[in-house]
>>> print(open('final-v9.cif').read())   # mmCIF, C-alpha atoms
data_run
loop_
_atom_site.group_PDB
_atom_site.id
_atom_site.type_symbol
_atom_site.label_atom_id
_atom_site.label_comp_id
_atom_site.auth_asym_id
_atom_site.auth_seq_id
_atom_site.Cartn_x
_atom_site.Cartn_y
_atom_site.Cartn_z
ATOM 1 C CA MET A 1 18.694 -62.164 -16.728
ATOM 2 C CA LEU A 2 21.773 -64.236 -15.956
ATOM 3 C CA LEU A 3 21.945 -66.026 -12.602
ATOM 4 C CA VAL A 4 25.106 -67.329 -10.952
ATOM 5 C CA VAL A 5 24.801 -71.057 -10.195
ATOM 6 C CA GLY A 6 28.448 -71.775 -9.416
ATOM 7 C CA GLN A 7 31.982 -70.465 -9.234
ATOM 8 C CA ILE A 8 35.095 -72.240 -10.430
ATOM 9 C CA GLY A 9 37.670 -72.877 -7.743
ATOM 10 C CA LYS A 10 41.180 -74.258 -7.918
ATOM 11 C CA PRO A 11 42.363 -76.939 -10.336
ATOM 12 C CA HIS A 12 42.133 -80.551 -9.205
ATOM 13 C CA GLY A 13 44.824 -82.820 -10.594
ATOM 14 C CA ILE A 14 46.678 -82.363 -13.879
ATOM 15 C CA ARG A 15 43.999 -83.181 -16.461
ATOM 16 C CA GLY A 16 41.994 -79.929 -16.393
ATOM 17 C CA GLU A 17 39.550 -80.790 -13.629
ATOM 18 C CA VAL A 18 38.408 -77.862 -11.474
ATOM 19 C CA SER A 19 36.510 -77.611 -8.226
ATOM 20 C CA VAL A 20 33.146 -75.875 -8.451
ATOM 21 C CA VAL A 21 31.479 -74.072 -5.560
ATOM 22 C CA VAL A 22 27.760 -74.603 -6.115
ATOM 23 C CA ARG A 23 25.459 -71.600 -5.670
ATOM 24 C CA THR A 24 22.123 -73.216 -6.454
ATOM 25 C CA ASP A 25 19.639 -75.310 -4.511
ATOM 26 C CA GLU A 26 19.342 -77.761 -7.402
ATOM 27 C CA PRO A 27 22.863 -78.828 -8.405
ATOM 28 C CA GLU A 28 21.592 -82.153 -9.766
ATOM 29 C CA ASP A 29 19.511 -80.205 -12.325
ATOM 30 C CA ARG A 30 22.066 -77.528 -13.224
ATOM 31 C CA PHE A 31 25.275 -79.551 -13.330
ATOM 32 C CA VAL A 32 24.661 -82.381 -15.787
ATOM 33 C CA PRO A 33 26.933 -83.311 -18.701
ATOM 34 C CA GLY A 34 26.110 -81.102 -21.668
ATOM 35 C CA SER A 35 25.021 -78.116 -19.547
ATOM 36 C CA VAL A 36 26.091 -74.798 -21.058
ATOM 37 C CA PHE A 37 27.173 -71.989 -18.738
ATOM 38 C CA VAL A 38 27.763 -68.345 -19.589
ATOM 39 C CA THR A 39 30.994 -67.209 -17.952
ATOM 40 C CA GLU A 40 31.766 -64.003 -16.117
ATOM 41 C CA VAL A 41 35.202 -63.066 -14.880
ATOM 42 C CA PRO A 42 34.857 -61.245 -11.550
ATOM 43 C CA ARG A 43 36.386 -57.769 -11.399
ATOM 44 C CA ASP A 44 38.213 -58.508 -8.144
ATOM 45 C CA ARG A 45 39.789 -61.768 -9.325
ATOM 46 C CA ARG A 46 43.384 -62.117 -8.177
ATOM 47 C CA VAL A 47 44.374 -64.198 -11.174
ATOM 48 C CA SER A 48 45.021 -62.229 -14.365
ATOM 49 C CA THR A 49 41.865 -61.723 -16.422
ATOM 50 C CA GLY A 50 43.719 -61.053 -19.626
ATOM 51 C CA PRO A 51 45.090 -63.507 -22.161
ATOM 52 C CA ALA A 52 47.526 -66.037 -20.700
ATOM 53 C CA ALA A 53 50.310 -67.809 -22.495
ATOM 54 C CA VAL A 54 49.706 -71.542 -22.191
ATOM 55 C CA SER A 55 52.061 -73.772 -24.126
ATOM 56 C CA GLY A 56 52.842 -70.835 -26.412
ATOM 57 C CA VAL A 57 49.145 -70.259 -27.213
ATOM 58 C CA THR A 58 47.164 -67.270 -25.952
ATOM 59 C CA PHE A 59 44.231 -68.294 -23.726
ATOM 60 C CA GLU A 60 41.193 -66.172 -22.890
ATOM 61 C CA VAL A 61 38.290 -67.293 -20.729
ATOM 62 C CA PRO A 62 35.617 -68.488 -23.190
ATOM 63 C CA LYS A 63 32.201 -66.784 -23.189
ATOM 64 C CA GLN A 64 30.573 -70.185 -22.580
ATOM 65 C CA LEU A 65 31.692 -73.435 -20.999
ATOM 66 C CA VAL A 66 30.108 -76.822 -21.691
ATOM 67 C CA LEU A 67 30.219 -79.356 -18.862
ATOM 68 C CA GLU A 68 31.721 -82.694 -19.930
ATOM 69 C CA SER A 69 31.483 -84.452 -16.595
ATOM 70 C CA ILE A 70 31.149 -83.830 -12.882
ATOM 71 C CA ARG A 71 31.650 -85.869 -9.735
ATOM 72 C CA TRP A 72 30.983 -84.848 -6.166
ATOM 73 C CA HIS A 73 33.661 -84.768 -3.474
ATOM 74 C CA GLN A 74 33.225 -83.317 0.038
ATOM 75 C CA GLY A 75 30.298 -81.100 -0.950
ATOM 76 C CA ARG A 76 31.951 -79.636 -4.043
ATOM 77 C CA GLY A 77 31.783 -80.571 -7.654
ATOM 78 C CA ILE A 78 34.905 -81.685 -9.479
ATOM 79 C CA ALA A 79 34.162 -80.736 -13.077
ATOM 80 C CA VAL A 80 35.640 -81.184 -16.529
ATOM 81 C CA PHE A 81 34.679 -78.677 -19.210
ATOM 82 C CA GLU A 82 35.024 -79.140 -22.966
ATOM 83 C CA ASN A 83 38.445 -78.086 -24.314
ATOM 84 C CA ILE A 84 39.906 -77.638 -20.798
ATOM 85 C CA HIS A 85 42.239 -80.603 -20.449
ATOM 86 C CA ASP A 86 45.328 -79.092 -18.842
ATOM 87 C CA ARG A 87 46.031 -77.854 -15.300
ATOM 88 C CA ASN A 88 47.527 -74.587 -16.561
ATOM 89 C CA VAL A 89 44.411 -73.760 -18.566
ATOM 90 C CA ALA A 90 42.203 -74.839 -15.652
ATOM 91 C CA GLU A 91 44.119 -72.416 -13.419
ATOM 92 C CA GLU A 92 43.065 -69.550 -15.715
ATOM 93 C CA LEU A 93 39.412 -70.365 -14.961
ATOM 94 C CA ARG A 94 39.825 -69.897 -11.205
ATOM 95 C CA GLY A 95 37.204 -67.508 -9.832
ATOM 96 C CA VAL A 96 35.047 -67.486 -12.984
ATOM 97 C CA PHE A 97 31.299 -67.384 -12.333
ATOM 98 C CA LEU A 98 29.068 -69.949 -14.060
ATOM 99 C CA GLN A 99 25.699 -68.480 -15.053
ATOM 100 C CA VAL A 100 22.429 -69.627 -16.612
ATOM 101 C CA ASP A 101 19.604 -67.599 -18.137
ATOM 102 C CA SER A 102 16.671 -67.146 -15.734
ATOM 103 C CA ASP A 103 14.241 -67.894 -18.598
ATOM 104 C CA GLU A 104 15.557 -71.473 -18.638
ATOM 105 C CA LEU A 105 14.618 -72.110 -14.990
ATOM 106 C CA THR A 106 11.476 -73.946 -14.027
ATOM 107 C CA PRO A 107 9.416 -72.239 -11.312
ATOM 108 C CA PRO A 108 9.721 -73.763 -7.824
ATOM 109 C CA ASP A 109 7.030 -76.288 -6.822
ATOM 110 C CA ASP A 110 6.758 -74.941 -3.274
ATOM 111 C CA PRO A 111 4.752 -71.682 -3.083
ATOM 112 C CA ASP A 112 7.046 -70.480 -0.260
ATOM 113 C CA GLU A 113 10.184 -70.941 -2.375
ATOM 114 C CA PHE A 114 11.544 -68.245 -4.676
ATOM 115 C CA HIS A 115 14.430 -67.713 -7.049
ATOM 116 C CA ASP A 116 16.630 -64.810 -5.975
ATOM 117 C CA HIS A 117 15.961 -62.857 -9.166
ATOM 118 C CA GLN A 118 12.214 -62.871 -8.421
ATOM 119 C CA LEU A 119 12.808 -60.946 -5.182
ATOM 120 C CA VAL A 120 15.312 -58.335 -6.352
ATOM 121 C CA GLY A 121 13.606 -54.958 -6.634
ATOM 122 C CA LEU A 122 10.547 -55.846 -4.545
ATOM 123 C CA ARG A 123 9.324 -53.161 -2.130
ATOM 124 C CA VAL A 124 9.914 -54.014 1.549
ATOM 125 C CA GLU A 125 7.262 -52.702 3.923
ATOM 126 C CA SER A 126 5.818 -53.254 7.390
ATOM 127 C CA ALA A 127 2.298 -54.579 7.909
ATOM 128 C CA ASP A 128 1.143 -50.989 8.559
ATOM 129 C CA GLY A 129 2.362 -49.957 5.087
ATOM 130 C CA THR A 130 5.591 -48.179 6.121
ATOM 131 C CA VAL A 131 8.008 -48.604 3.221
ATOM 132 C CA HIS A 132 11.556 -49.452 4.333
ATOM 133 C CA GLY A 133 13.163 -49.741 0.903
ATOM 134 C CA SER A 134 13.663 -52.438 -1.718
ATOM 135 C CA VAL A 135 15.457 -55.759 -2.050
ATOM 136 C CA GLU A 136 18.949 -55.203 -3.438
ATOM 137 C CA ARG A 137 19.965 -58.887 -3.388
ATOM 138 C CA ILE A 138 19.763 -62.092 -1.367
ATOM 139 C CA GLU A 139 22.815 -63.278 0.570
ATOM 140 C CA HIS A 140 23.057 -66.986 1.336
ATOM 141 C CA ALA A 141 24.624 -67.289 4.774
ATOM 142 C CA PRO A 142 25.250 -70.610 6.536
ATOM 143 C CA SER A 143 22.540 -70.117 9.173
ATOM 144 C CA SER A 144 19.846 -68.476 7.010
ATOM 145 C CA ASP A 145 19.343 -66.430 3.890
ATOM 146 C CA LEU A 146 19.507 -62.657 4.290
ATOM 147 C CA ILE A 147 17.622 -59.944 2.451
ATOM 148 C CA VAL A 148 19.971 -57.083 1.619
ATOM 149 C CA LEU A 149 17.674 -54.079 1.948
ATOM 150 C CA LYS A 150 18.428 -50.879 0.068
ATOM 151 C CA LYS A 151 16.924 -48.433 2.589
ATOM 152 C CA THR A 152 14.811 -45.522 1.372
ATOM 153 C CA GLY A 153 16.910 -43.061 3.383
ATOM 154 C CA GLY A 154 20.161 -44.433 1.992
ATOM 155 C CA GLY A 155 22.424 -47.248 3.057
ATOM 156 C CA THR A 156 21.722 -50.946 3.409
ATOM 157 C CA ALA A 157 20.498 -53.304 6.117
ATOM 158 C CA LEU A 158 20.329 -57.087 6.492
ATOM 159 C CA ILE A 159 17.052 -58.832 7.284
ATOM 160 C CA PRO A 160 17.076 -62.547 8.150
ATOM 161 C CA PHE A 161 14.827 -64.273 5.595
ATOM 162 C CA VAL A 162 12.875 -66.315 8.147
ATOM 163 C CA SER A 163 9.082 -66.588 8.438
ATOM 164 C CA ALA A 164 9.031 -64.845 11.843
ATOM 165 C CA MET A 165 10.457 -61.662 10.265
ATOM 166 C CA VAL A 166 9.197 -62.095 6.701
ATOM 167 C CA PRO A 167 5.621 -63.367 7.001
ATOM 168 C CA THR A 168 4.514 -62.396 3.470
ATOM 169 C CA VAL A 169 6.199 -62.465 0.064
ATOM 170 C CA ASP A 170 3.898 -61.170 -2.667
ATOM 171 C CA VAL A 171 5.866 -61.408 -5.913
ATOM 172 C CA ALA A 172 2.823 -60.569 -8.060
ATOM 173 C CA GLY A 173 2.075 -57.511 -5.888
ATOM 174 C CA GLY A 174 5.738 -56.442 -5.924
ATOM 175 C CA ARG A 175 6.187 -56.402 -2.163
ATOM 176 C CA ILE A 176 7.564 -58.186 0.868
ATOM 177 C CA VAL A 177 5.910 -57.593 4.228
ATOM 178 C CA VAL A 178 8.241 -57.679 7.226
ATOM 179 C CA ASP A 179 7.710 -57.792 10.994
ATOM 180 C CA LEU A 180 11.021 -56.589 12.384
ATOM 181 C CA PRO A 181 12.251 -56.172 15.953
ATOM 182 C CA GLU A 182 12.738 -52.555 16.922
ATOM 183 C CA GLY A 183 16.145 -51.179 15.917
ATOM 184 C CA LEU A 184 17.084 -53.874 13.384
ATOM 185 C CA LEU A 185 17.268 -51.404 10.512
ATOM 186 C CA ASP A 186 19.378 -49.004 12.596
ATOM 187 C CA LEU A 187 22.346 -51.385 12.843
#
>>> encode(input="final-v9.cif", output="structure tokens")
Amino acid sequence: MLLVVGQIGKPHGIRGEVSVVVRTDEPEDRFVPGSVFVTEVPRDRRVSTGPAAVSGVTFEVPKQLVLESIRWHQGRGIAVFENIHDRNVAEELRGVFLQVDSDELTPPDDPDEFHDHQLVGLRVESADGTVHGSVERIEHAPSSDLIVLKKTGGGTALIPFVSAMVPTVDVAGGRIVVDLPEGLLDL
């Protein structure tokens, strides 16, 4: 399974550098020179996803990008990828997701820490066994992470991923136990 660890932002300078919005808790492990990322062009990207004419040569977003170097500036990475040495080419990468294979990830050391892909699909239930649905995805909001619940009756709901509301995560058992305030799932 491929996991998004970053997204390419706007070009920085004229030599092919791009800003990278990091979407991983371990950027120092993921973004090292020589790292290989599988690319995905988002469907809603405003920049053309098709071939672009750059200096008379057709350019398509490569299937993989290899990181040459990275430096950190104001919480974002400024990255150089192999064979991307021009601002015009760097502009064509804007919005592209950088992904790694989940098999390449080391498990977290903390037993209360999980990779997002481990939680997707888990059954969400109350302590009394009432099933509310399953985890569709995890949203990373500024104040706390949110479980996006695919409700059994249809629709979705957001559950703050905090210990007061999510006391138990049982990955091996395929379930998450929640203790929710009344009405939260009705919003």
>>> resolve_selection(input="final-v9.cif", expression="the PyMOL selection byres ((chain A and resi 73-81) around 8)", output="PyMOL selection string")
chain A and resi 12+16-22+65-72+82-85
>>> residues_near_point(input="final-v9.cif", point="(10.4, -58.7, -1.8)", cutoff="6 Å", atoms="only C-alpha atoms", output="list in words")
Leu119, Leu122, Arg123, Val124, Val135, Val169, Arg175 and Ile176 of chain A
>>> resolve_selection(input="final-v9.cif", expression="the PyMOL selection byres ((chain A and resi 6-11) around 10)", output="PyMOL selection string")
chain A and resi 3-5+12-24+27+30-31+37+39-42+76-79+86-100
>>> write_last_selection(input="final-v9.cif", atoms="C-alpha atoms", output="short mmCIF file (atom, residue, chain, number, x, y, z; two decimals), keeping the file's coordinate frame")
data_model
loop_
_atom_site.label_atom_id
_atom_site.label_comp_id
_atom_site.auth_asym_id
_atom_site.auth_seq_id
_atom_site.Cartn_x
_atom_site.Cartn_y
_atom_site.Cartn_z
CA LEU A 3 21.94 -66.03 -12.60
CA VAL A 4 25.11 -67.33 -10.95
CA VAL A 5 24.80 -71.06 -10.20
CA HIS A 12 42.13 -80.55 -9.20
CA GLY A 13 44.82 -82.82 -10.59
CA ILE A 14 46.68 -82.36 -13.88
CA ARG A 15 44.00 -83.18 -16.46
CA GLY A 16 41.99 -79.93 -16.39
CA GLU A 17 39.55 -80.79 -13.63
CA VAL A 18 38.41 -77.86 -11.47
CA SER A 19 36.51 -77.61 -8.23
CA VAL A 20 33.15 -75.88 -8.45
CA VAL A 21 31.48 -74.07 -5.56
CA VAL A 22 27.76 -74.60 -6.12
CA ARG A 23 25.46 -71.60 -5.67
CA THR A 24 22.12 -73.22 -6.45
CA PRO A 27 22.86 -78.83 -8.40
CA ARG A 30 22.07 -77.53 -13.22
CA PHE A 31 25.28 -79.55 -13.33
CA PHE A 37 27.17 -71.99 -18.74
CA THR A 39 30.99 -67.21 -17.95
CA GLU A 40 31.77 -64.00 -16.12
CA VAL A 41 35.20 -63.07 -14.88
CA PRO A 42 34.86 -61.24 -11.55
CA ARG A 76 31.95 -79.64 -4.04
CA GLY A 77 31.78 -80.57 -7.65
CA ILE A 78 34.90 -81.68 -9.48
CA ALA A 79 34.16 -80.74 -13.08
CA ASP A 86 45.33 -79.09 -18.84
CA ARG A 87 46.03 -77.85 -15.30
CA ASN A 88 47.53 -74.59 -16.56
CA VAL A 89 44.41 -73.76 -18.57
CA ALA A 90 42.20 -74.84 -15.65
CA GLU A 91 44.12 -72.42 -13.42
CA GLU A 92 43.06 -69.55 -15.72
CA LEU A 93 39.41 -70.36 -14.96
CA ARG A 94 39.83 -69.90 -11.20
CA GLY A 95 37.20 -67.51 -9.83
CA VAL A 96 35.05 -67.49 -12.98
CA PHE A 97 31.30 -67.38 -12.33
CA LEU A 98 29.07 -69.95 -14.06
CA GLN A 99 25.70 -68.48 -15.05
CA VAL A 100 22.43 -69.63 -16.61
#
>>> atom_distance(input="final-v9.cif", atom1="CA of His115 in chain A", atom2="CA of Asp29 in chain A")
14.5 Å
>>> axis_aligned_box(input="final-v9.cif", around="range 163-168 of chain A", padding_each_side="3 Å", output="AutoDock Vina command-line options")
--center_x 7.5 --center_y -64.1 --center_z 7.7 --size_x 11.9 --size_y 10.9 --size_z 14.4
>>> closest_residue(input="final-v9.cif", among="A:Glu182, A:Thr106, A:Ile147, A:Arg137", to="Glu26 in chain A", atoms="all atoms listed in the file")
A:Thr106
>>> resolve_selection(input="final-v9.cif", expression="the PyMOL selection byres ((chain A and resi 157) around 6)", output="list in words")
Val148, Leu149, Thr156, Leu158 and Leu185 of chain A
>>> atom_distance(input="final-v9.cif", atom1="CA of Pro62 in chain A", atom2="CA of Asp116 in chain A")
25.9 Å
>>> atom_distance(input="final-v9.cif", atom1="CA of Gly129 in chain A", atom2="CA of Val177 in chain A")
8.5 Å
>>> closest_residue(input="final-v9.cif", among="A:Gln118, A:Glu136, A:Val171, A:Gly34", to="Leu105 in chain A", atoms="all atoms listed in the file")
A:Gln118
>>> residues_around(input="final-v9.cif", residues="Asp101 in chain A", least_positions_apart="3", cutoff="7 Å", atoms="all atoms listed in the file", output="list in words")
Met1, Leu2, Leu3 and Glu104 of chain A
>>> build_atoms(input="final-v9.cif", residues="range 69-83 of chain A", atoms="N, CA, C and O atoms", output="compact mmCIF listing (two decimals), keeping the file's coordinate frame")
# COMPACT_ATOMS: atom_id res chain seq x y z
N SER A 69 31.81 -83.51 -17.67
CA SER A 69 31.48 -84.45 -16.60
C SER A 69 31.65 -83.76 -15.25
O SER A 69 32.31 -82.73 -15.15
N ILE A 70 31.02 -84.35 -14.24
CA ILE A 70 31.15 -83.83 -12.88
C ILE A 70 31.02 -84.99 -11.91
O ILE A 70 30.28 -85.94 -12.16
N ARG A 71 31.78 -84.92 -10.83
CA ARG A 71 31.65 -85.87 -9.74
C ARG A 71 31.69 -85.05 -8.46
O ARG A 71 32.19 -83.92 -8.44
N TRP A 72 31.11 -85.61 -7.41
CA TRP A 72 30.98 -84.85 -6.17
C TRP A 72 31.97 -85.36 -5.13
O TRP A 72 32.13 -86.57 -4.96
N HIS A 73 32.65 -84.43 -4.47
CA HIS A 73 33.66 -84.77 -3.47
C HIS A 73 33.61 -83.72 -2.36
O HIS A 73 33.84 -82.55 -2.61
N GLN A 74 33.27 -84.16 -1.15
CA GLN A 74 33.22 -83.32 0.04
C GLN A 74 32.39 -82.05 -0.18
O GLN A 74 32.79 -80.94 0.15
N GLY A 75 31.22 -82.21 -0.78
CA GLY A 75 30.30 -81.10 -0.95
C GLY A 75 30.58 -80.17 -2.12
O GLY A 75 29.87 -79.20 -2.32
N ARG A 76 31.62 -80.45 -2.88
CA ARG A 76 31.95 -79.64 -4.04
C ARG A 76 31.96 -80.51 -5.28
O ARG A 76 32.21 -81.70 -5.22
N GLY A 77 31.69 -79.86 -6.39
CA GLY A 77 31.78 -80.57 -7.65
C GLY A 77 33.20 -80.54 -8.17
O GLY A 77 33.91 -79.55 -8.01
N ILE A 78 33.63 -81.64 -8.76
CA ILE A 78 34.90 -81.68 -9.48
C ILE A 78 34.50 -81.85 -10.94
O ILE A 78 33.97 -82.90 -11.33
N ALA A 79 34.72 -80.80 -11.73
CA ALA A 79 34.16 -80.74 -13.08
C ALA A 79 35.23 -80.73 -14.15
O ALA A 79 36.35 -80.26 -13.94
N VAL A 80 34.83 -81.26 -15.31
CA VAL A 80 35.64 -81.18 -16.53
C VAL A 80 34.79 -80.47 -17.56
O VAL A 80 33.64 -80.83 -17.80
N PHE A 81 35.36 -79.43 -18.16
CA PHE A 81 34.68 -78.68 -19.21
C PHE A 81 35.31 -78.97 -20.55
O PHE A 81 36.51 -79.27 -20.63
N GLU A 82 34.52 -78.89 -21.62
CA GLU A 82 35.02 -79.14 -22.97
C GLU A 82 36.21 -78.22 -23.25
O GLU A 82 36.18 -77.04 -22.92
N ASN A 83 37.24 -78.79 -23.88
CA ASN A 83 38.44 -78.09 -24.31
C ASN A 83 39.31 -77.55 -23.17
O ASN A 83 40.17 -76.72 -23.40
